[in-house]
$ cat query-v5.cif   # mmCIF, C-alpha atoms
data_upload
#
loop_
_atom_site.label_atom_id
_atom_site.label_comp_id
_atom_site.auth_asym_id
_atom_site.auth_seq_id
_atom_site.Cartn_x
_atom_site.Cartn_y
_atom_site.Cartn_z
CA MET A 1 -22.04 -20.76 -41.75
CA PRO A 2 -22.02 -17.24 -40.22
CA LYS A 3 -21.61 -18.83 -36.79
CA LEU A 4 -18.63 -20.89 -37.94
CA TRP A 5 -17.09 -17.80 -39.51
CA ASP A 6 -17.61 -15.84 -36.26
CA GLU A 7 -15.88 -18.60 -34.35
CA THR A 8 -12.99 -18.58 -36.78
CA ILE A 9 -12.58 -14.82 -36.38
CA GLU A 10 -12.86 -15.12 -32.62
CA ALA A 11 -10.19 -17.85 -32.52
CA HIS A 12 -7.94 -15.74 -34.72
CA ARG A 13 -8.38 -12.70 -32.47
CA ASN A 14 -7.56 -14.73 -29.39
CA ALA A 15 -4.45 -16.11 -31.06
CA VAL A 16 -3.23 -12.61 -32.01
CA ARG A 17 -3.97 -11.34 -28.51
CA GLU A 18 -2.17 -14.28 -26.92
CA ALA A 19 0.87 -13.90 -29.16
CA THR A 20 1.01 -10.15 -28.42
CA LEU A 21 0.95 -10.66 -24.65
CA ARG A 22 3.59 -13.39 -24.80
CA THR A 23 5.88 -11.39 -27.09
CA THR A 24 5.57 -8.20 -25.04
CA ALA A 25 6.30 -9.95 -21.75
CA ALA A 26 9.38 -11.60 -23.29
CA LEU A 27 10.62 -8.29 -24.77
CA VAL A 28 10.19 -6.42 -21.50
CA ALA A 29 11.88 -9.21 -19.53
CA GLU A 30 14.83 -9.20 -21.93
CA HIS A 31 15.31 -5.53 -22.79
CA GLY A 32 13.56 -3.56 -20.05
CA LEU A 33 10.42 -1.50 -20.26
CA ALA A 34 11.97 1.67 -21.69
CA SER A 35 13.21 0.05 -24.89
CA VAL A 36 9.97 -1.71 -25.85
CA THR A 37 7.80 0.16 -28.38
CA MET A 38 4.55 -0.69 -30.16
CA SER A 39 6.49 -1.01 -33.46
CA ARG A 40 8.86 -3.51 -31.98
CA ILE A 41 6.04 -5.55 -30.44
CA ALA A 42 4.21 -5.64 -33.78
CA LYS A 43 7.36 -6.72 -35.61
CA GLU A 44 8.26 -9.47 -33.15
CA THR A 45 4.67 -10.73 -32.97
CA GLY A 46 4.62 -10.89 -36.76
CA ILE A 47 1.63 -8.57 -37.26
CA GLY A 48 1.27 -5.10 -38.73
CA ARG A 49 1.56 -2.05 -36.52
CA ALA A 50 -1.96 -0.91 -37.51
CA THR A 51 -3.33 -4.33 -36.54
CA LEU A 52 -1.64 -4.14 -33.15
CA TYR A 53 -3.33 -0.78 -32.49
CA LYS A 54 -6.71 -2.43 -33.15
CA TYR A 55 -6.02 -4.63 -30.14
CA PHE A 56 -4.17 -2.35 -27.72
CA PRO A 57 -3.73 1.44 -27.49
CA ASP A 58 -0.24 1.32 -25.89
CA VAL A 59 2.48 -0.81 -24.33
CA GLU A 60 1.15 -0.25 -20.84
CA SER A 61 -2.27 -1.67 -21.70
CA ILE A 62 -0.62 -4.80 -23.12
CA LEU A 63 1.36 -5.28 -19.93
CA VAL A 64 -1.73 -4.78 -17.80
CA ALA A 65 -3.57 -7.43 -19.87
CA TRP A 66 -0.60 -9.78 -19.59
CA HIS A 67 -0.45 -9.23 -15.86
CA ASP A 68 -4.19 -9.91 -15.51
CA GLN A 69 -3.66 -13.21 -17.28
CA GLN A 70 -0.76 -14.11 -14.98
CA VAL A 71 -2.67 -13.25 -11.83
CA GLY A 72 -5.67 -15.21 -13.11
CA GLY A 73 -3.44 -18.26 -13.64
CA HIS A 74 -1.89 -17.76 -10.20
CA LEU A 75 -5.30 -17.66 -8.52
CA GLN A 76 -6.37 -20.79 -10.44
CA ARG A 77 -3.30 -22.68 -9.22
CA LEU A 78 -4.05 -21.61 -5.64
CA ALA A 79 -7.68 -22.73 -5.97
CA ALA A 80 -6.48 -26.09 -7.36
CA ALA A 81 -4.06 -26.45 -4.42
CA ARG A 82 -6.95 -25.76 -2.06
CA ASP A 83 -9.20 -28.30 -3.75
CA ARG A 84 -6.72 -31.17 -3.81
CA ALA A 85 -6.02 -31.04 -0.04
CA GLY A 86 -8.23 -32.57 2.68
CA THR A 87 -8.87 -30.80 5.97
CA PRO A 88 -9.05 -27.00 6.22
CA ALA A 89 -5.59 -26.99 7.88
CA GLU A 90 -4.15 -29.09 5.04
CA LYS A 91 -5.80 -26.84 2.44
CA LEU A 92 -4.28 -23.80 4.13
CA ALA A 93 -0.79 -25.35 4.16
CA GLU A 94 -1.06 -26.39 0.52
CA VAL A 95 -2.24 -22.95 -0.63
CA LEU A 96 0.42 -21.05 1.35
CA ARG A 97 3.15 -23.37 0.06
CA THR A 98 1.98 -22.92 -3.54
CA TYR A 99 1.88 -19.15 -3.07
CA ALA A 100 5.40 -19.08 -1.59
CA VAL A 101 6.88 -21.27 -4.33
CA THR A 102 5.27 -19.16 -7.07
CA THR A 103 6.55 -15.96 -5.43
CA HIS A 104 10.02 -17.51 -5.20
CA GLU A 105 10.10 -18.50 -8.87
CA ARG A 106 8.54 -15.33 -10.28
CA PRO A 107 10.97 -12.80 -11.72
CA HIS A 108 11.05 -9.58 -9.70
CA ASP A 109 11.21 -6.33 -11.52
CA THR A 110 10.34 -3.31 -9.40
CA GLU A 111 9.98 -1.01 -12.41
CA PHE A 112 7.48 -3.39 -13.98
CA ALA A 113 5.67 -3.96 -10.68
CA ALA A 114 5.29 -0.20 -10.18
CA LEU A 115 3.79 0.11 -13.66
CA VAL A 116 1.19 -2.64 -13.43
CA HIS A 117 0.28 -1.77 -9.86
CA ARG A 118 -0.27 1.88 -10.75
CA GLY A 119 -3.78 3.21 -10.48
CA GLY A 120 -4.99 0.40 -8.24
CA HIS A 121 -4.92 -2.17 -11.04
CA MET A 122 -3.89 -4.91 -8.60
CA ALA A 123 -6.57 -4.06 -6.07
CA GLY A 124 -9.03 -6.62 -7.48
CA ALA A 125 -6.61 -9.53 -7.76
CA GLU A 126 -5.04 -8.85 -4.37
CA GLN A 127 -8.51 -8.70 -2.89
CA ARG A 128 -9.44 -12.11 -4.35
CA LEU A 129 -6.16 -13.57 -3.06
CA ARG A 130 -6.75 -12.10 0.39
CA GLU A 131 -10.28 -13.55 0.42
CA LEU A 132 -9.18 -17.01 -0.72
CA VAL A 133 -6.61 -17.22 2.11
CA GLY A 134 -8.91 -15.49 4.63
CA ASP A 135 -11.70 -18.03 3.96
CA LEU A 136 -9.30 -20.94 4.50
CA LEU A 137 -8.05 -19.41 7.75
CA ALA A 138 -11.63 -18.92 8.96
CA ASP A 139 -12.48 -22.57 8.13
CA ALA A 140 -9.35 -23.83 9.89
CA ALA A 141 -10.08 -21.61 12.90
CA ARG A 142 -13.59 -23.12 13.17
CA ASP A 143 -11.85 -26.54 13.11
CA GLY A 144 -9.64 -25.41 16.01
CA ALA A 145 -6.49 -25.67 13.88
CA VAL A 146 -5.88 -21.92 13.58
CA ARG A 147 -5.72 -19.35 16.40
CA GLY A 148 -8.95 -17.53 17.15
CA ASP A 149 -7.52 -14.42 18.83
CA VAL A 150 -6.81 -12.60 15.54
CA PRO A 151 -9.44 -11.98 12.80
CA PRO A 152 -8.91 -14.23 9.73
CA GLU A 153 -8.53 -11.25 7.39
CA GLU A 154 -5.65 -9.91 9.50
CA LEU A 155 -4.03 -13.36 9.52
CA ALA A 156 -4.44 -13.48 5.73
CA ALA A 157 -2.62 -10.14 5.35
CA PHE A 158 0.08 -11.41 7.69
CA CYS A 159 0.54 -14.68 5.74
CA LEU A 160 0.68 -13.07 2.30
CA HIS A 161 3.12 -10.37 3.41
CA ALA A 162 5.32 -12.88 5.25
CA LEU A 163 5.45 -15.22 2.25
CA GLY A 164 6.46 -12.28 0.07
CA ALA A 165 9.90 -12.85 1.62
CA ALA A 166 10.12 -15.95 -0.64
CA GLY A 167 11.03 -13.65 -3.54
CA GLY A 168 14.44 -12.88 -2.01
CA LEU A 169 15.28 -16.31 -0.59
CA PRO A 170 18.26 -18.19 -2.02
CA SER A 171 16.86 -21.75 -2.12
CA ARG A 172 13.78 -23.91 -2.20
CA ASP A 173 14.74 -25.24 1.28
CA ALA A 174 14.64 -21.69 2.62
CA VAL A 175 11.17 -21.29 1.07
CA GLU A 176 9.99 -24.44 2.89
CA ARG A 177 11.32 -23.04 6.18
CA LEU A 178 9.50 -19.76 5.51
CA VAL A 179 6.22 -21.66 4.99
CA THR A 180 6.81 -23.60 8.23
CA VAL A 181 7.45 -20.43 10.25
CA THR A 182 4.36 -18.74 8.75
CA LEU A 183 2.13 -21.74 9.50
CA ASP A 184 3.53 -21.96 13.06
CA ALA A 185 2.44 -18.34 13.58
CA VAL A 186 -1.22 -18.91 12.67
CA ARG A 187 -1.57 -22.35 14.32
CA ALA A 188 -3.76 -22.57 17.44
CA SER A 189 -1.53 -22.97 20.50
CA GLY A 190 -1.93 -26.00 22.76
CA MET B 1 38.12 34.02 11.79
CA PRO B 2 38.21 31.88 8.59
CA LYS B 3 37.09 28.88 10.66
CA LEU B 4 34.12 30.79 12.05
CA TRP B 5 33.21 31.97 8.58
CA ASP B 6 33.45 28.38 7.26
CA GLU B 7 31.15 27.26 10.03
CA THR B 8 28.67 30.00 9.21
CA ILE B 9 28.64 29.00 5.55
CA GLU B 10 28.32 25.35 6.48
CA ALA B 11 25.37 26.06 8.81
CA HIS B 12 23.71 28.13 6.08
CA ARG B 13 24.17 25.34 3.52
CA ASN B 14 22.68 22.80 5.90
CA ALA B 15 19.72 25.07 6.54
CA VAL B 16 19.06 25.51 2.80
CA ARG B 17 19.42 21.79 2.22
CA GLU B 18 17.07 20.99 5.10
CA ALA B 19 14.46 23.48 3.94
CA THR B 20 14.65 22.13 0.38
CA LEU B 21 14.11 18.53 1.49
CA ARG B 22 11.21 19.49 3.74
CA THR B 23 9.53 21.65 1.11
CA THR B 24 9.90 19.04 -1.63
CA ALA B 25 8.50 16.24 0.51
CA ALA B 26 5.52 18.41 1.44
CA LEU B 27 4.90 19.44 -2.20
CA VAL B 28 5.06 15.84 -3.45
CA ALA B 29 2.79 14.64 -0.65
CA GLU B 30 0.24 17.34 -1.44
CA HIS B 31 0.31 17.60 -5.24
CA GLY B 32 1.87 14.35 -6.48
CA LEU B 33 5.22 13.80 -8.07
CA ALA B 34 4.30 14.81 -11.62
CA SER B 35 3.34 18.39 -10.73
CA VAL B 36 6.46 19.23 -8.71
CA THR B 37 9.17 21.09 -10.62
CA MET B 38 12.52 22.56 -9.62
CA SER B 39 11.08 26.08 -10.13
CA ARG B 40 8.23 25.38 -7.78
CA ILE B 41 10.54 23.89 -5.14
CA ALA B 42 12.82 26.95 -5.34
CA LYS B 43 9.87 29.32 -5.01
CA GLU B 44 8.29 27.51 -2.05
CA THR B 45 11.64 27.12 -0.30
CA GLY B 46 12.25 30.85 -0.76
CA ILE B 47 15.52 30.56 -2.67
CA GLY B 48 16.50 31.31 -6.25
CA ARG B 49 16.25 28.65 -8.92
CA ALA B 50 19.98 28.98 -9.71
CA THR B 51 20.78 28.48 -6.02
CA LEU B 52 18.65 25.34 -5.88
CA TYR B 53 20.60 23.88 -8.82
CA LYS B 54 23.84 24.40 -6.86
CA TYR B 55 22.46 21.93 -4.31
CA PHE B 56 20.56 19.39 -6.40
CA PRO B 57 20.52 18.56 -10.12
CA ASP B 58 16.86 17.46 -10.24
CA VAL B 59 13.70 16.65 -8.29
CA GLU B 60 14.56 12.97 -8.10
CA SER B 61 17.89 13.63 -6.36
CA ILE B 62 16.10 15.79 -3.76
CA LEU B 63 13.63 13.00 -3.06
CA VAL B 64 16.40 10.44 -2.78
CA ALA B 65 18.21 12.70 -0.27
CA TRP B 66 14.97 13.20 1.66
CA HIS B 67 14.35 9.47 1.70
CA ASP B 68 17.90 8.79 2.94
CA GLN B 69 17.24 11.17 5.78
CA GLN B 70 13.95 9.44 6.63
CA VAL B 71 15.49 5.96 6.55
CA GLY B 72 18.38 7.18 8.68
CA GLY B 73 15.91 8.50 11.26
CA HIS B 74 13.96 5.25 11.10
CA LEU B 75 17.08 3.17 11.76
CA GLN B 76 18.04 5.47 14.66
CA ARG B 77 14.62 4.98 16.26
CA LEU B 78 14.98 1.20 15.89
CA ALA B 79 18.47 1.27 17.44
CA ALA B 80 17.08 3.37 20.31
CA ALA B 81 14.25 0.84 20.79
CA ARG B 82 16.83 -1.93 20.91
CA ASP B 83 19.00 -0.11 23.44
CA ARG B 84 16.21 0.76 25.87
CA ALA B 85 15.03 -2.88 26.26
CA GLY B 86 16.64 -5.52 28.49
CA THR B 87 17.02 -9.13 27.36
CA PRO B 88 17.60 -10.07 23.71
CA ALA B 89 13.98 -11.28 23.48
CA GLU B 90 12.71 -7.96 24.89
CA LYS B 91 14.95 -6.00 22.52
CA LEU B 92 13.57 -8.00 19.59
CA ALA B 93 9.97 -7.36 20.63
CA GLU B 94 10.62 -3.63 21.11
CA VAL B 95 12.35 -3.26 17.72
CA LEU B 96 9.68 -5.21 15.82
CA ARG B 97 6.89 -3.23 17.50
CA THR B 98 8.60 0.08 16.65
CA TYR B 99 9.07 -1.05 13.06
CA ALA B 100 5.42 -2.10 12.73
CA VAL B 101 4.09 1.15 14.24
CA THR B 102 6.31 3.26 11.97
CA THR B 103 5.19 1.25 8.92
CA HIS B 104 1.57 1.69 9.98
CA GLU B 105 1.90 5.46 10.38
CA ARG B 106 3.98 6.13 7.27
CA PRO B 107 2.08 7.40 4.24
CA HIS B 108 2.11 4.88 1.39
CA ASP B 109 2.60 6.14 -2.11
CA THR B 110 3.53 3.44 -4.61
CA GLU B 111 4.57 5.95 -7.26
CA PHE B 112 6.97 7.60 -4.83
CA ALA B 113 8.21 4.25 -3.51
CA ALA B 114 8.96 3.05 -7.04
CA LEU B 115 10.97 6.21 -7.69
CA VAL B 116 13.17 6.17 -4.60
CA HIS B 117 13.64 2.40 -4.76
CA ARG B 118 14.72 2.54 -8.38
CA GLY B 119 18.28 1.61 -9.16
CA GLY B 120 18.84 -0.22 -5.89
CA HIS B 121 18.86 2.97 -3.83
CA MET B 122 17.17 1.21 -0.92
CA ALA B 123 19.55 -1.75 -0.98
CA GLY B 124 21.88 -0.22 1.63
CA ALA B 125 19.20 0.86 4.08
CA GLU B 126 17.27 -2.39 3.75
CA GLN B 127 20.49 -4.27 4.32
CA ARG B 128 21.20 -2.36 7.55
CA LEU B 129 17.64 -2.98 8.73
CA ARG B 130 17.92 -6.69 7.94
CA GLU B 131 21.21 -6.88 9.84
CA LEU B 132 19.87 -5.03 12.89
CA VAL B 133 16.93 -7.46 13.17
CA GLY B 134 19.05 -10.50 12.21
CA ASP B 135 21.59 -9.74 14.97
CA LEU B 136 18.80 -9.46 17.56
CA LEU B 137 17.30 -12.76 16.41
CA ALA B 138 20.71 -14.46 16.62
CA ASP B 139 21.23 -13.12 20.17
CA ALA B 140 17.77 -14.23 21.26
CA ALA B 141 18.32 -17.67 19.66
CA ARG B 142 21.55 -18.08 21.69
CA ASP B 143 19.45 -17.21 24.75
CA GLY B 144 17.02 -19.98 23.80
CA ALA B 145 14.18 -17.49 23.29
CA VAL B 146 14.06 -17.77 19.48
CA ARG B 147 13.81 -20.95 17.39
CA GLY B 148 17.11 -22.38 16.17
CA ASP B 149 15.82 -24.40 13.21
CA VAL B 150 15.79 -21.43 10.81
CA PRO B 151 18.83 -19.17 10.13
CA PRO B 152 18.49 -15.70 11.78
CA GLU B 153 18.79 -13.89 8.44
CA GLU B 154 15.82 -15.86 7.07
CA LEU B 155 13.82 -15.09 10.22
CA ALA B 156 14.74 -11.40 9.79
CA ALA B 157 13.40 -11.41 6.21
CA PHE B 158 10.25 -13.15 7.45
CA CYS B 159 9.69 -10.61 10.27
CA LEU B 160 10.23 -7.52 8.13
CA HIS B 161 7.98 -8.78 5.33
CA ALA B 162 5.28 -9.89 7.77
CA LEU B 163 5.30 -6.53 9.57
CA GLY B 164 4.96 -4.80 6.20
CA ALA B 165 1.28 -5.79 6.53
CA ALA B 166 1.01 -3.03 9.17
CA GLY B 167 0.80 -0.49 6.32
CA GLY B 168 -2.67 -1.71 5.36
CA LEU B 169 -4.09 -2.41 8.80
CA PRO B 170 -7.06 -0.34 10.00
CA SER B 171 -6.10 0.23 13.66
CA ARG B 172 -3.31 0.33 16.19
CA ASP B 173 -4.88 -2.72 17.90
CA ALA B 174 -4.56 -4.68 14.66
CA VAL B 175 -0.88 -3.63 14.50
CA GLU B 176 -0.35 -4.99 18.03
CA ARG B 177 -1.95 -8.30 17.00
CA LEU B 178 0.31 -8.45 13.94
CA VAL B 179 3.39 -7.99 16.17
CA THR B 180 2.13 -10.74 18.51
CA VAL B 181 1.60 -13.20 15.63
CA THR B 182 5.04 -12.39 14.18
CA LEU B 183 6.78 -12.87 17.54
CA ASP B 184 4.89 -16.14 18.11
CA ALA B 185 6.30 -17.42 14.82
CA VAL B 186 9.95 -16.86 15.75
CA ARG B 187 9.67 -17.91 19.41
CA ALA B 188 11.36 -21.18 20.42
CA SER B 189 8.70 -23.84 21.00
CA GLY B 190 8.41 -25.52 24.37
#

$ encode --input "query-v5.cif" --output "structure tokens"
Amino acid sequence: MPKLWDETIEAHRNAVREATLRTTAALVAEHGLASVTMSRIAKETGIGRATLYKYFPDVESILVAWHDQQVGGHLQRLAAARDRAGTPAEKLAEVLRTYAVTTHERPHDTEFAALVHRGGHMAGAEQRLRELVGDLLADAARDGAVRGDVPPEELAAFCLHALGAAGGLPSRDAVERLVTVTLDAVRASG
Amino acid sequence: MPKLWDETIEAHRNAVREATLRTTAALVAEHGLASVTMSRIAKETGIGRATLYKYFPDVESILVAWHDQQVGGHLQRLAAARDRAGTPAEKLAEVLRTYAVTTHERPHDTEFAALVHRGGHMAGAEQRLRELVGDLLADAARDGAVRGDVPPEELAAFCLHALGAAGGLPSRDAVERLVTVTLDAVRASG
């Protein structure tokens, strides 16, 4: 009985947290960061303002939590892309394509990016992303499919920066061409 | 006589403006954006606070002016790199290398970047940069030195994003490898 009750409370807390993150992200996307207050978030989420403050101290902390969740989902999709492909070279292509498409479809808001990236918040997620791609490049290099004259971690930085261009591309075809050019760059010659 | 006097005033104004930009950039680099005020800038520049306000309304406008100046200098160096090289392919290599080295050497401050990039301020300078590189890629493609299966403007976006990785690279050798990989990607095959 106490255990069941604990689980009920835990599920409720998760639901409130989830709803808060979703509502805040939607409000910021629609109205901009400056016009979103804790009162407004509480109202739109359908909870009391005092309750909201039990979960988060300020708007920024909600956005950081939301961003963590997004990055976590992004990394999961990349890991899934890696796991469904066959050879190291195929895994690399699948992961880079998935990354480029996600970057292309993601809304870009510099103001928001500056906020969540402040204070090195992204450092951990970017590091995991860099490692995931770096490991694939190292595997593919051992297979002879990727060039061996540049360290895998440098190639990973190159790939992720290059694919960042997907955010400003006009079409999905252009994104495919970007992935092709990036893969051509890391491929072993001859 | 009035002309000479006008020129004297003009030279004085330029000198004050120059000194203000230089002082502000140094103060922000040393103490961070939040601790730099108009009073402090006036004091360190050696002019009165009222005089400073005749030139700039706020700290942000000084930083935007300073950034314009930096970007202008950056574009001039890239144009010079282009003009000292021979064939279109050599011009492209020289410009991309210069861009990568400058990116590598430039201090990176996300807070500052977010400020000066706010409100599309960079749009013009980025556009000119994209065009400079895009024109070189188009020339080199006509020469058969650059791949023709991807539009030059997409290749330009690819190159500039990829070379952005230079900012986080540990050594000048790594920057050279990054330039090599980027050039390999855009080169015509066979």

$ interface_residues --input "query-v5.cif" --of "chain A" --to "chain B" --cutoff "6 Å" --atoms "only C-alpha atoms" --output "PyMOL selection string"
chain A and resi 114+157-158+161-162+165+181+184-185

$ atom_distance --input "query-v5.cif" --atom1 "CA of Glu105 in chain B" --atom2 "CA of Thr45 in chain B"
26.0 Å

$ atom_distance --input "query-v5.cif" --atom1 "CA of Gly124 in chain A" --atom2 "CA of Ala141 in chain A"
25.3 Å

$ resolve_selection --input "query-v5.cif" --expression "the PyMOL selection byres ((chain A and resi 20) around 10)" --output "PyMOL selection string"
chain A and resi 14-19+21-26+41-42+44-47+52+55-56+62-63+66

$ atom_distance --input "query-v5.cif" --atom1 "CA of Glu126 in chain A" --atom2 "CA of Asp58 in chain A"
24.3 Å

$ resolve_selection --input "query-v5.cif" --expression "the PyMOL selection byres ((chain A and resi 82) around 9)" --output "PDB file with C-alpha atoms, in the frame of the given file"
ATOM      1  CA  ARG A  77      -3.300 -22.680  -9.220  1.00  0.00           C
ATOM      2  CA  LEU A  78      -4.050 -21.610  -5.640  1.00  0.00           C
ATOM      3  CA  ALA A  79      -7.680 -22.730  -5.970  1.00  0.00           C
ATOM      4  CA  ALA A  80      -6.480 -26.090  -7.360  1.00  0.00           C
ATOM      5  CA  ALA A  81      -4.060 -26.450  -4.420  1.00  0.00           C
ATOM      6  CA  ASP A  83      -9.200 -28.300  -3.750  1.00  0.00           C
ATOM      7  CA  ARG A  84      -6.720 -31.170  -3.810  1.00  0.00           C
ATOM      8  CA  ALA A  85      -6.020 -31.040  -0.040  1.00  0.00           C
ATOM      9  CA  GLY A  86      -8.230 -32.570   2.680  1.00  0.00           C
ATOM     10  CA  PRO A  88      -9.050 -27.000   6.220  1.00  0.00           C
ATOM     11  CA  GLU A  90      -4.150 -29.090   5.040  1.00  0.00           C
ATOM     12  CA  LYS A  91      -5.800 -26.840   2.440  1.00  0.00           C
ATOM     13  CA  LEU A  92      -4.280 -23.800   4.130  1.00  0.00           C
ATOM     14  CA  ALA A  93      -0.790 -25.350   4.160  1.00  0.00           C
ATOM     15  CA  GLU A  94      -1.060 -26.390   0.520  1.00  0.00           C
ATOM     16  CA  VAL A  95      -2.240 -22.950  -0.630  1.00  0.00           C
ATOM     17  CA  LEU A 136      -9.300 -20.940   4.500  1.00  0.00           C
TER      18      LEU A 136
END

$ build_atoms --input "query-v5.cif" --residues "range 161-173 of chain B" --atoms "N, CA, C and O atoms" --output "PDB file, keeping the file's coordinate frame"
ATOM      1  N   HIS B 161       9.062  -8.657   6.311  1.00  0.00           N
ATOM      2  CA  HIS B 161       7.980  -8.780   5.330  1.00  0.00           C
ATOM      3  C   HIS B 161       6.627  -8.858   6.035  1.00  0.00           C
ATOM      4  O   HIS B 161       5.678  -8.183   5.645  1.00  0.00           O
ATOM      5  N   ALA B 162       6.546  -9.711   7.057  1.00  0.00           N
ATOM      6  CA  ALA B 162       5.280  -9.890   7.770  1.00  0.00           C
ATOM      7  C   ALA B 162       4.785  -8.555   8.327  1.00  0.00           C
ATOM      8  O   ALA B 162       3.607  -8.196   8.193  1.00  0.00           O
ATOM      9  N   LEU B 163       5.693  -7.788   8.942  1.00  0.00           N
ATOM     10  CA  LEU B 163       5.300  -6.530   9.570  1.00  0.00           C
ATOM     11  C   LEU B 163       4.954  -5.463   8.533  1.00  0.00           C
ATOM     12  O   LEU B 163       4.336  -4.449   8.857  1.00  0.00           O
ATOM     13  N   GLY B 164       5.361  -5.681   7.285  1.00  0.00           N
ATOM     14  CA  GLY B 164       4.960  -4.800   6.200  1.00  0.00           C
ATOM     15  C   GLY B 164       3.439  -4.738   6.070  1.00  0.00           C
ATOM     16  O   GLY B 164       2.882  -3.761   5.564  1.00  0.00           O
ATOM     17  N   ALA B 165       2.749  -5.783   6.548  1.00  0.00           N
ATOM     18  CA  ALA B 165       1.280  -5.790   6.530  1.00  0.00           C
ATOM     19  C   ALA B 165       0.705  -4.666   7.372  1.00  0.00           C
ATOM     20  O   ALA B 165      -0.458  -4.276   7.181  1.00  0.00           O
ATOM     21  N   ALA B 166       1.495  -4.109   8.297  1.00  0.00           N
ATOM     22  CA  ALA B 166       1.010  -3.030   9.170  1.00  0.00           C
ATOM     23  C   ALA B 166       0.550  -1.822   8.349  1.00  0.00           C
ATOM     24  O   ALA B 166      -0.344  -1.088   8.768  1.00  0.00           O
ATOM     25  N   GLY B 167       1.160  -1.635   7.160  1.00  0.00           N
ATOM     26  CA  GLY B 167       0.800  -0.490   6.320  1.00  0.00           C
ATOM     27  C   GLY B 167      -0.670  -0.473   5.930  1.00  0.00           C
ATOM     28  O   GLY B 167      -1.249   0.589   5.759  1.00  0.00           O
ATOM     29  N   GLY B 168      -1.281  -1.650   5.794  1.00  0.00           N
ATOM     30  CA  GLY B 168      -2.670  -1.710   5.360  1.00  0.00           C
ATOM     31  C   GLY B 168      -3.661  -2.013   6.463  1.00  0.00           C
ATOM     32  O   GLY B 168      -4.832  -2.218   6.192  1.00  0.00           O
ATOM     33  N   LEU B 169      -3.192  -2.062   7.699  1.00  0.00           N
ATOM     34  CA  LEU B 169      -4.090  -2.410   8.800  1.00  0.00           C
ATOM     35  C   LEU B 169      -4.911  -1.194   9.249  1.00  0.00           C
ATOM     36  O   LEU B 169      -4.432  -0.064   9.200  1.00  0.00           O
ATOM     37  N   PRO B 170      -6.159  -1.439   9.708  1.00  0.00           N
ATOM     38  CA  PRO B 170      -7.060  -0.340  10.000  1.00  0.00           C
ATOM     39  C   PRO B 170      -6.833   0.326  11.366  1.00  0.00           C
ATOM     40  O   PRO B 170      -7.264   1.452  11.567  1.00  0.00           O
ATOM     41  N   SER B 171      -6.179  -0.345  12.304  1.00  0.00           N
ATOM     42  CA  SER B 171      -6.100   0.230  13.660  1.00  0.00           C
ATOM     43  C   SER B 171      -4.796  -0.150  14.353  1.00  0.00           C
ATOM     44  O   SER B 171      -4.103  -1.088  13.953  1.00  0.00           O
ATOM     45  N   ARG B 172      -4.494   0.604  15.386  1.00  0.00           N
ATOM     46  CA  ARG B 172      -3.310   0.330  16.190  1.00  0.00           C
ATOM     47  C   ARG B 172      -3.442  -1.017  16.902  1.00  0.00           C
ATOM     48  O   ARG B 172      -2.461  -1.734  17.077  1.00  0.00           O
ATOM     49  N   ASP B 173      -4.666  -1.397  17.287  1.00  0.00           N
ATOM     50  CA  ASP B 173      -4.880  -2.720  17.900  1.00  0.00           C
ATOM     51  C   ASP B 173      -4.501  -3.832  16.932  1.00  0.00           C
ATOM     52  O   ASP B 173      -3.883  -4.821  17.322  1.00  0.00           O
TER      53      ASP B 173
END
